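Peer 1: Handing you this structure, nothing more for now.
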Amino acid sequence: MTRRESLKFFLAAGIWTALKGRVNAAQPTSMKDIENLQKNWKALLAEGTKLPLPSEPLKLSKEEWRKRLDPTQFNVLREEGTEPPGTSPLNNEKRPGVFVCIGCNLALFTSDMKYESGTGWPSFFTTIPGAFGTSTDYKLILPRTEYHCIRCGGHHGHIFDDGPPPTGKRWCNNGVALRFLPRDTKKS
Ligand SMILES: [Zn+2]
């Protein structure tokens, strides 16, 4: 590519990104912005998508979970395992959309809540309200806040205090525990 061609390419890419809108949505700066992201999360859902509510619990036996999930998913969700860093394709997922629990389809995060933490795990600075419950675990001796899907109880990750402002939180999520539903289902 010549310099002029590459300049044209980057200009076109910039216009395309601007047209696509939310791809590079401004980072939230206040807790009011965060509240708005939480309140308006359904705007990132593809039209006509039906998802379960947090108030409809899904309880299955260990054996039923084993059948429903693959061994890696089972290890994370039902045995509080951790996937190796850098292994999830969702690390690079930047399209507008919603992340749901792979165990039960509960909506957990939107693309607007995701950021690049550099840790090798999909990371979010806030969540869809009411999606998770938390507990303290001592697996690494120092106490950590574990969080799990409020609907199926599946373990998803841990919360750390090194996230970006204004929340300062990093919800460090195992990619195998998530399924991504792009908002724009038609190929663009
Ligand atoms: Zn779940």
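Please note that chains go A, B, ... in the order of the structure tokens, that every chain numbers its residues from 1, and that ligands are numbered from 1 in the order shown.
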Within 8 Å of Arg183 (chain A), counting only C-alpha atoms, which residues qualify if same-chain residues fewer than 4 places away don't, as a short mmCIF file (atom, residue, chain, number, x, y, z; two decimals) with C-alpha atoms, in the first residue's frame?
Peer 2:
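What follows is the written file around.cif:
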```cif
data_model
loop_
_atom_site.label_atom_id
_atom_site.label_comp_id
_atom_site.auth_asym_id
_atom_site.auth_seq_id
_atom_site.Cartn_x
_atom_site.Cartn_y
_atom_site.Cartn_z
CA LEU A 44 -27.36 -3.29 22.64
CA LEU A 45 -29.67 -6.27 22.20
CA ALA A 46 -30.59 -7.45 18.70
CA GLU A 47 -34.24 -6.80 17.91
CA ARG A 95 -18.79 -5.27 18.18
CA PRO A 96 -21.86 -3.75 19.83
CA GLY A 97 -23.83 -6.39 21.67
CA VAL A 98 -24.61 -8.21 24.89
#
```
Peer 1: For chain A against ligand 1, with a cut-off of 9 Å and counting only C-alpha atoms and all ligand atoms, what is the closest atom pair and its distance in Å to one decimal for every residue that makes the cut, ordered by chain and number, as JSON lines?
Peer 2:
```
{"residue": "A:Pro54", "atom": "CA", "partner": "ligand 1", "partner_atom_place_in_ligand_line": "1 (Zn)", "distance": 8.8}
{"residue": "A:Pro57", "atom": "CA", "partner": "ligand 1", "partner_atom_place_in_ligand_line": "1 (Zn)", "distance": 8.7}
{"residue": "A:Leu58", "atom": "CA", "partner": "ligand 1", "partner_atom_place_in_ligand_line": "1 (Zn)", "distance": 7.7}
{"residue": "A:Leu77", "atom": "CA", "partner": "ligand 1", "partner_atom_place_in_ligand_line": "1 (Zn)", "distance": 8.5}
{"residue": "A:Val100", "atom": "CA", "partner": "ligand 1", "partner_atom_place_in_ligand_line": "1 (Zn)", "distance": 7.8}
{"residue": "A:Cys101", "atom": "CA", "partner": "ligand 1", "partner_atom_place_in_ligand_line": "1 (Zn)", "distance": 4.6}
{"residue": "A:Ile102", "atom": "CA", "partner": "ligand 1", "partner_atom_place_in_ligand_line": "1 (Zn)", "distance": 6.6}
{"residue": "A:Gly103", "atom": "CA", "partner": "ligand 1", "partner_atom_place_in_ligand_line": "1 (Zn)", "distance": 4.8}
{"residue": "A:Cys104", "atom": "CA", "partner": "ligand 1", "partner_atom_place_in_ligand_line": "1 (Zn)", "distance": 4.2}
{"residue": "A:Asn105", "atom": "CA", "partner": "ligand 1", "partner_atom_place_in_ligand_line": "1 (Zn)", "distance": 6.1}
{"residue": "A:Leu106", "atom": "CA", "partner": "ligand 1", "partner_atom_place_in_ligand_line": "1 (Zn)", "distance": 5.6}
{"residue": "A:Ala107", "atom": "CA", "partner": "ligand 1", "partner_atom_place_in_ligand_line": "1 (Zn)", "distance": 8.5}
{"residue": "A:Leu108", "atom": "CA", "partner": "ligand 1", "partner_atom_place_in_ligand_line": "1 (Zn)", "distance": 8.7}
{"residue": "A:Ala131", "atom": "CA", "partner": "ligand 1", "partner_atom_place_in_ligand_line": "1 (Zn)", "distance": 8.7}
{"residue": "A:Phe132", "atom": "CA", "partner": "ligand 1", "partner_atom_place_in_ligand_line": "1 (Zn)", "distance": 8.9}
{"residue": "A:His148", "atom": "CA", "partner": "ligand 1", "partner_atom_place_in_ligand_line": "1 (Zn)", "distance": 7.7}
{"residue": "A:Cys149", "atom": "CA", "partner": "ligand 1", "partner_atom_place_in_ligand_line": "1 (Zn)", "distance": 4.6}
{"residue": "A:Ile150", "atom": "CA", "partner": "ligand 1", "partner_atom_place_in_ligand_line": "1 (Zn)", "distance": 6.6}
{"residue": "A:Arg151", "atom": "CA", "partner": "ligand 1", "partner_atom_place_in_ligand_line": "1 (Zn)", "distance": 5.1}
{"residue": "A:Cys152", "atom": "CA", "partner": "ligand 1", "partner_atom_place_in_ligand_line": "1 (Zn)", "distance": 4.2}
{"residue": "A:Gly153", "atom": "CA", "partner": "ligand 1", "partner_atom_place_in_ligand_line": "1 (Zn)", "distance": 6.1}
{"residue": "A:Gly154", "atom": "CA", "partner": "ligand 1", "partner_atom_place_in_ligand_line": "1 (Zn)", "distance": 5.4}
{"residue": "A:His155", "atom": "CA", "partner": "ligand 1", "partner_atom_place_in_ligand_line": "1 (Zn)", "distance": 8.3}
{"residue": "A:His156", "atom": "CA", "partner": "ligand 1", "partner_atom_place_in_ligand_line": "1 (Zn)", "distance": 8.8}
{"residue": "A:Ala177", "atom": "CA", "partner": "ligand 1", "partner_atom_place_in_ligand_line": "1 (Zn)", "distance": 8.6}
```
Peer 1: Take the residues from that selection and write them out as a PDB file, in the first residue's frame, keeping C-alpha atoms.
Peer 2:
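Output file result_30.pdb is given in full below:
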```pdb
ATOM      1  CA  PRO A  54     -32.676 -12.860  36.903  1.00  0.00           C
ATOM      2  CA  PRO A  57     -33.661 -19.321  38.767  1.00  0.00           C
ATOM      3  CA  LEU A  58     -32.196 -22.276  36.875  1.00  0.00           C
ATOM      4  CA  LEU A  77     -18.827 -22.364  35.978  1.00  0.00           C
ATOM      5  CA  VAL A 100     -24.838 -13.580  28.352  1.00  0.00           C
ATOM      6  CA  CYS A 101     -24.124 -16.493  30.709  1.00  0.00           C
ATOM      7  CA  ILE A 102     -23.159 -19.613  28.725  1.00  0.00           C
ATOM      8  CA  GLY A 103     -24.963 -21.695  31.359  1.00  0.00           C
ATOM      9  CA  CYS A 104     -28.354 -20.001  31.363  1.00  0.00           C
ATOM     10  CA  ASN A 105     -28.452 -17.055  28.898  1.00  0.00           C
ATOM     11  CA  LEU A 106     -28.878 -14.380  31.553  1.00  0.00           C
ATOM     12  CA  ALA A 107     -27.665 -10.988  30.231  1.00  0.00           C
ATOM     13  CA  LEU A 108     -24.550  -9.976  32.203  1.00  0.00           C
ATOM     14  CA  ALA A 131     -26.881 -10.028  37.155  1.00  0.00           C
ATOM     15  CA  PHE A 132     -24.446 -11.296  39.783  1.00  0.00           C
ATOM     16  CA  HIS A 148     -21.452 -15.733  40.009  1.00  0.00           C
ATOM     17  CA  CYS A 149     -24.512 -15.579  37.782  1.00  0.00           C
ATOM     18  CA  ILE A 150     -27.522 -14.815  39.955  1.00  0.00           C
ATOM     19  CA  ARG A 151     -29.756 -17.081  37.856  1.00  0.00           C
ATOM     20  CA  CYS A 152     -27.789 -20.363  37.624  1.00  0.00           C
ATOM     21  CA  GLY A 153     -25.115 -19.802  40.281  1.00  0.00           C
ATOM     22  CA  GLY A 154     -22.357 -20.367  37.706  1.00  0.00           C
ATOM     23  CA  HIS A 155     -18.970 -18.887  38.675  1.00  0.00           C
ATOM     24  CA  HIS A 156     -17.759 -16.225  36.219  1.00  0.00           C
ATOM     25  CA  ALA A 177     -18.412 -18.599  30.694  1.00  0.00           C
TER      26      ALA A 177
END
```
Peer 1: From the set A:Asp112, A:Lys94, A:Val176, A:Pro182, which residue has the shortest atom-to-atom contact distance to Phe74 (chain A), counting only C-alpha atoms?
Peer 2: A:Val176
Peer 1: Give me every alpha helix (DSSP H) residue in region 72-103 of chain A, going by DSSP on the backbone, as a ChimeraX atom specification.
Peer 2: /A:72-79
Peer 1: Save out the residues we just selected, C-alpha atoms, as a PDB file, in the first residue's frame.
Peer 2:
```
ATOM      1  CA  THR A  72     -13.854 -26.307  30.089  1.00  0.00           C
ATOM      2  CA  GLN A  73     -17.125 -24.476  30.702  1.00  0.00           C
ATOM      3  CA  PHE A  74     -18.031 -26.958  33.453  1.00  0.00           C
ATOM      4  CA  ASN A  75     -14.683 -26.453  35.171  1.00  0.00           C
ATOM      5  CA  VAL A  76     -15.105 -22.659  35.282  1.00  0.00           C
ATOM      6  CA  LEU A  77     -18.827 -22.364  35.978  1.00  0.00           C
ATOM      7  CA  ARG A  78     -19.385 -25.270  38.340  1.00  0.00           C
ATOM      8  CA  GLU A  79     -15.914 -25.776  39.883  1.00  0.00           C
TER       9      GLU A  79
END
```
Peer 1: Contacts of Thr167 (chain A) at 12 Å or less, counting only C-alpha atoms, minus same-chain residues fewer than 2 places along, as number ranges by chain?
Peer 2: A: 27-35, 113, 124-127, 159-165, 169-171
Peer 1: I want to know what sits within 7 Å of Phe99 (chain A), based on only C-alpha atoms, with residues of the same chain fewer than 5 positions away left out; could you give that as JSON, numbers by chain?
Peer 2: {"A": [107, 108, 109, 110, 178, 179, 180, 181]}
Peer 1: Filtering to C-alpha atoms, could you give me those residues as an mmCIF file, in the first residue's frame?
Peer 2:
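Below is the file that was written, part-v3.cif:
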```
data_model
loop_
_atom_site.group_PDB
_atom_site.id
_atom_site.type_symbol
_atom_site.label_atom_id
_atom_site.label_comp_id
_atom_site.auth_asym_id
_atom_site.auth_seq_id
_atom_site.Cartn_x
_atom_site.Cartn_y
_atom_site.Cartn_z
ATOM 1 C CA ALA A 107 -27.665 -10.988 30.231
ATOM 2 C CA LEU A 108 -24.550 -9.976 32.203
ATOM 3 C CA PHE A 109 -22.616 -7.221 30.407
ATOM 4 C CA THR A 110 -22.850 -5.051 27.293
ATOM 5 C CA LEU A 178 -19.794 -16.027 28.256
ATOM 6 C CA ARG A 179 -21.658 -16.072 24.981
ATOM 7 C CA PHE A 180 -21.633 -12.905 22.874
ATOM 8 C CA LEU A 181 -24.816 -11.822 21.093
#
```
Peer 1: Would you return as a ChimeraX atom specification the members of chain A that DSSP assigns to strand (DSSP E) on this structure's backbone?
Peer 2: /A:97-101,107-110,114-115,123-124,132-137,144-149,155-160,170-173,178-182
Peer 1: Now that the selection is made, can you save its residues with N, CA, C and O atoms as a short mmCIF file (atom, residue, chain, number, x, y, z; two decimals), in the first residue's frame?
Peer 2:
```cif
data_model
loop_
_atom_site.label_atom_id
_atom_site.label_comp_id
_atom_site.auth_asym_id
_atom_site.auth_seq_id
_atom_site.Cartn_x
_atom_site.Cartn_y
_atom_site.Cartn_z
N GLY A 97 -23.03 -5.22 21.35
CA GLY A 97 -23.83 -6.39 21.67
C GLY A 97 -23.88 -6.65 23.16
O GLY A 97 -23.47 -5.82 23.97
N VAL A 98 -24.38 -7.85 23.50
CA VAL A 98 -24.61 -8.21 24.89
C VAL A 98 -23.92 -9.54 25.19
O VAL A 98 -23.94 -10.46 24.36
N PHE A 99 -23.27 -9.63 26.36
CA PHE A 99 -22.65 -10.87 26.82
C PHE A 99 -23.60 -11.57 27.78
O PHE A 99 -24.02 -10.95 28.77
N VAL A 100 -23.93 -12.83 27.48
CA VAL A 100 -24.84 -13.58 28.35
C VAL A 100 -24.11 -14.77 28.96
O VAL A 100 -23.05 -15.19 28.48
N CYS A 101 -24.69 -15.32 30.03
CA CYS A 101 -24.12 -16.49 30.71
C CYS A 101 -24.24 -17.71 29.79
O CYS A 101 -25.32 -18.00 29.27
N ALA A 107 -28.49 -12.10 30.72
CA ALA A 107 -27.66 -10.99 30.23
C ALA A 107 -26.81 -10.45 31.37
O ALA A 107 -27.30 -10.15 32.45
N LEU A 108 -25.49 -10.34 31.14
CA LEU A 108 -24.55 -9.98 32.20
C LEU A 108 -23.85 -8.64 31.98
O LEU A 108 -23.72 -7.83 32.90
N PHE A 109 -23.36 -8.44 30.75
CA PHE A 109 -22.62 -7.22 30.41
C PHE A 109 -23.01 -6.78 29.00
O PHE A 109 -23.45 -7.60 28.20
N THR A 110 -22.75 -5.49 28.69
CA THR A 110 -22.85 -5.05 27.29
C THR A 110 -21.45 -4.69 26.79
O THR A 110 -20.51 -4.53 27.59
N LYS A 114 -17.32 -3.03 28.47
CA LYS A 114 -16.07 -3.78 28.31
C LYS A 114 -14.92 -2.82 28.08
O LYS A 114 -15.08 -1.76 27.49
N TYR A 115 -13.74 -3.20 28.55
CA TYR A 115 -12.54 -2.41 28.24
C TYR A 115 -11.34 -3.34 28.14
O TYR A 115 -11.41 -4.50 28.57
N SER A 123 -12.64 -8.08 30.26
CA SER A 123 -12.77 -7.26 31.47
C SER A 123 -13.83 -6.19 31.29
O SER A 123 -13.97 -5.62 30.21
N PHE A 124 -14.54 -5.92 32.37
CA PHE A 124 -15.66 -4.99 32.33
C PHE A 124 -15.57 -4.09 33.56
O PHE A 124 -15.13 -4.53 34.62
N PHE A 132 -25.40 -10.46 39.04
CA PHE A 132 -24.45 -11.30 39.78
C PHE A 132 -24.67 -11.27 41.29
O PHE A 132 -25.14 -10.27 41.84
N GLY A 133 -24.28 -12.35 41.93
CA GLY A 133 -24.11 -12.38 43.37
C GLY A 133 -22.62 -12.52 43.63
O GLY A 133 -21.86 -12.92 42.75
N THR A 134 -22.17 -12.19 44.84
CA THR A 134 -20.73 -12.27 45.15
C THR A 134 -20.49 -13.07 46.43
O THR A 134 -21.38 -13.23 47.26
N SER A 135 -19.28 -13.56 46.56
CA SER A 135 -18.84 -14.19 47.81
C SER A 135 -17.33 -14.00 47.91
O SER A 135 -16.68 -13.58 46.95
N THR A 136 -16.78 -14.28 49.07
CA THR A 136 -15.34 -14.12 49.25
C THR A 136 -14.68 -15.49 49.17
O THR A 136 -15.15 -16.44 49.79
N ASP A 137 -13.63 -15.60 48.36
CA ASP A 137 -12.88 -16.87 48.38
C ASP A 137 -11.45 -16.62 48.82
O ASP A 137 -10.92 -15.53 48.74
N ARG A 144 -10.41 -12.82 47.92
CA ARG A 144 -10.82 -12.22 46.65
C ARG A 144 -12.34 -12.26 46.58
O ARG A 144 -12.97 -13.16 47.13
N THR A 145 -12.91 -11.30 45.85
CA THR A 145 -14.36 -11.30 45.67
C THR A 145 -14.69 -12.08 44.41
O THR A 145 -14.39 -11.66 43.30
N GLU A 146 -15.30 -13.22 44.64
CA GLU A 146 -15.76 -14.08 43.54
C GLU A 146 -17.15 -13.63 43.14
O GLU A 146 -17.93 -13.20 43.98
N TYR A 147 -17.50 -13.70 41.86
CA TYR A 147 -18.89 -13.40 41.49
C TYR A 147 -19.46 -14.50 40.60
O TYR A 147 -18.75 -15.16 39.87
N HIS A 148 -20.77 -14.66 40.73
CA HIS A 148 -21.45 -15.73 40.01
C HIS A 148 -22.79 -15.24 39.48
O HIS A 148 -23.41 -14.33 40.02
N CYS A 149 -23.24 -15.89 38.41
CA CYS A 149 -24.51 -15.58 37.78
C CYS A 149 -25.63 -15.78 38.79
O CYS A 149 -25.73 -16.82 39.42
N HIS A 155 -20.09 -19.79 38.39
CA HIS A 155 -18.97 -18.89 38.67
C HIS A 155 -18.49 -18.22 37.38
O HIS A 155 -18.35 -18.89 36.36
N HIS A 156 -18.24 -16.92 37.42
CA HIS A 156 -17.76 -16.23 36.22
C HIS A 156 -16.37 -15.64 36.37
O HIS A 156 -15.61 -15.60 35.42
N GLY A 157 -16.04 -15.12 37.56
CA GLY A 157 -14.72 -14.50 37.71
C GLY A 157 -14.57 -13.83 39.06
O GLY A 157 -15.25 -14.19 40.02
N HIS A 158 -13.66 -12.82 39.10
CA HIS A 158 -13.39 -12.10 40.34
C HIS A 158 -13.42 -10.59 40.07
O HIS A 158 -13.14 -10.15 38.96
N ILE A 159 -13.71 -9.83 41.12
CA ILE A 159 -13.73 -8.36 41.00
C ILE A 159 -12.47 -7.80 41.64
O ILE A 159 -12.13 -8.16 42.78
N PHE A 160 -11.79 -6.92 40.90
CA PHE A 160 -10.59 -6.27 41.42
C PHE A 160 -10.79 -4.75 41.44
O PHE A 160 -11.64 -4.22 40.74
N ARG A 170 -12.66 -3.78 38.17
CA ARG A 170 -12.41 -4.68 37.04
C ARG A 170 -13.12 -5.99 37.31
O ARG A 170 -12.76 -6.72 38.23
N TRP A 171 -14.15 -6.25 36.52
CA TRP A 171 -14.83 -7.54 36.57
C TRP A 171 -14.09 -8.43 35.59
O TRP A 171 -14.20 -8.27 34.38
N CYS A 172 -13.28 -9.32 36.15
CA CYS A 172 -12.37 -10.13 35.35
C CYS A 172 -13.08 -11.45 35.04
O CYS A 172 -13.25 -12.28 35.92
N ASN A 173 -13.54 -11.59 33.81
CA ASN A 173 -14.46 -12.70 33.48
C ASN A 173 -13.81 -13.77 32.62
O ASN A 173 -13.07 -13.46 31.69
N LEU A 178 -18.95 -17.01 28.93
CA LEU A 178 -19.79 -16.03 28.26
C LEU A 178 -20.15 -16.46 26.84
O LEU A 178 -19.39 -17.15 26.18
N ARG A 179 -21.30 -15.98 26.40
CA ARG A 179 -21.66 -16.07 24.98
C ARG A 179 -21.95 -14.64 24.53
O ARG A 179 -22.62 -13.89 25.24
N PHE A 180 -21.42 -14.27 23.36
CA PHE A 180 -21.63 -12.91 22.87
C PHE A 180 -22.76 -12.88 21.85
O PHE A 180 -22.76 -13.66 20.89
N LEU A 181 -23.73 -12.00 22.05
CA LEU A 181 -24.82 -11.82 21.09
C LEU A 181 -24.65 -10.46 20.42
O LEU A 181 -24.92 -9.42 21.03
N PRO A 182 -24.16 -10.43 19.18
CA PRO A 182 -23.98 -9.15 18.49
C PRO A 182 -25.34 -8.48 18.25
O PRO A 182 -26.33 -9.16 17.99
#
```
Peer 1: Which residue gives the smallest distance to Gly130 (chain A) among A:Ser55, A:Thr82, A:Asn40, A:Thr49, with only C-alpha atoms counted?
Peer 2: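 For Gly130 (chain A), the nearest of the candidates is A:Ser55.
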Peer 1: Which polymer residues have any atom within 6 Å of an atom of Gly120 (chain A), counting only C-alpha atoms, with same-chain residues fewer than 2 positions away left out, as number ranges by chain?
Peer 2: A: 85-86, 118
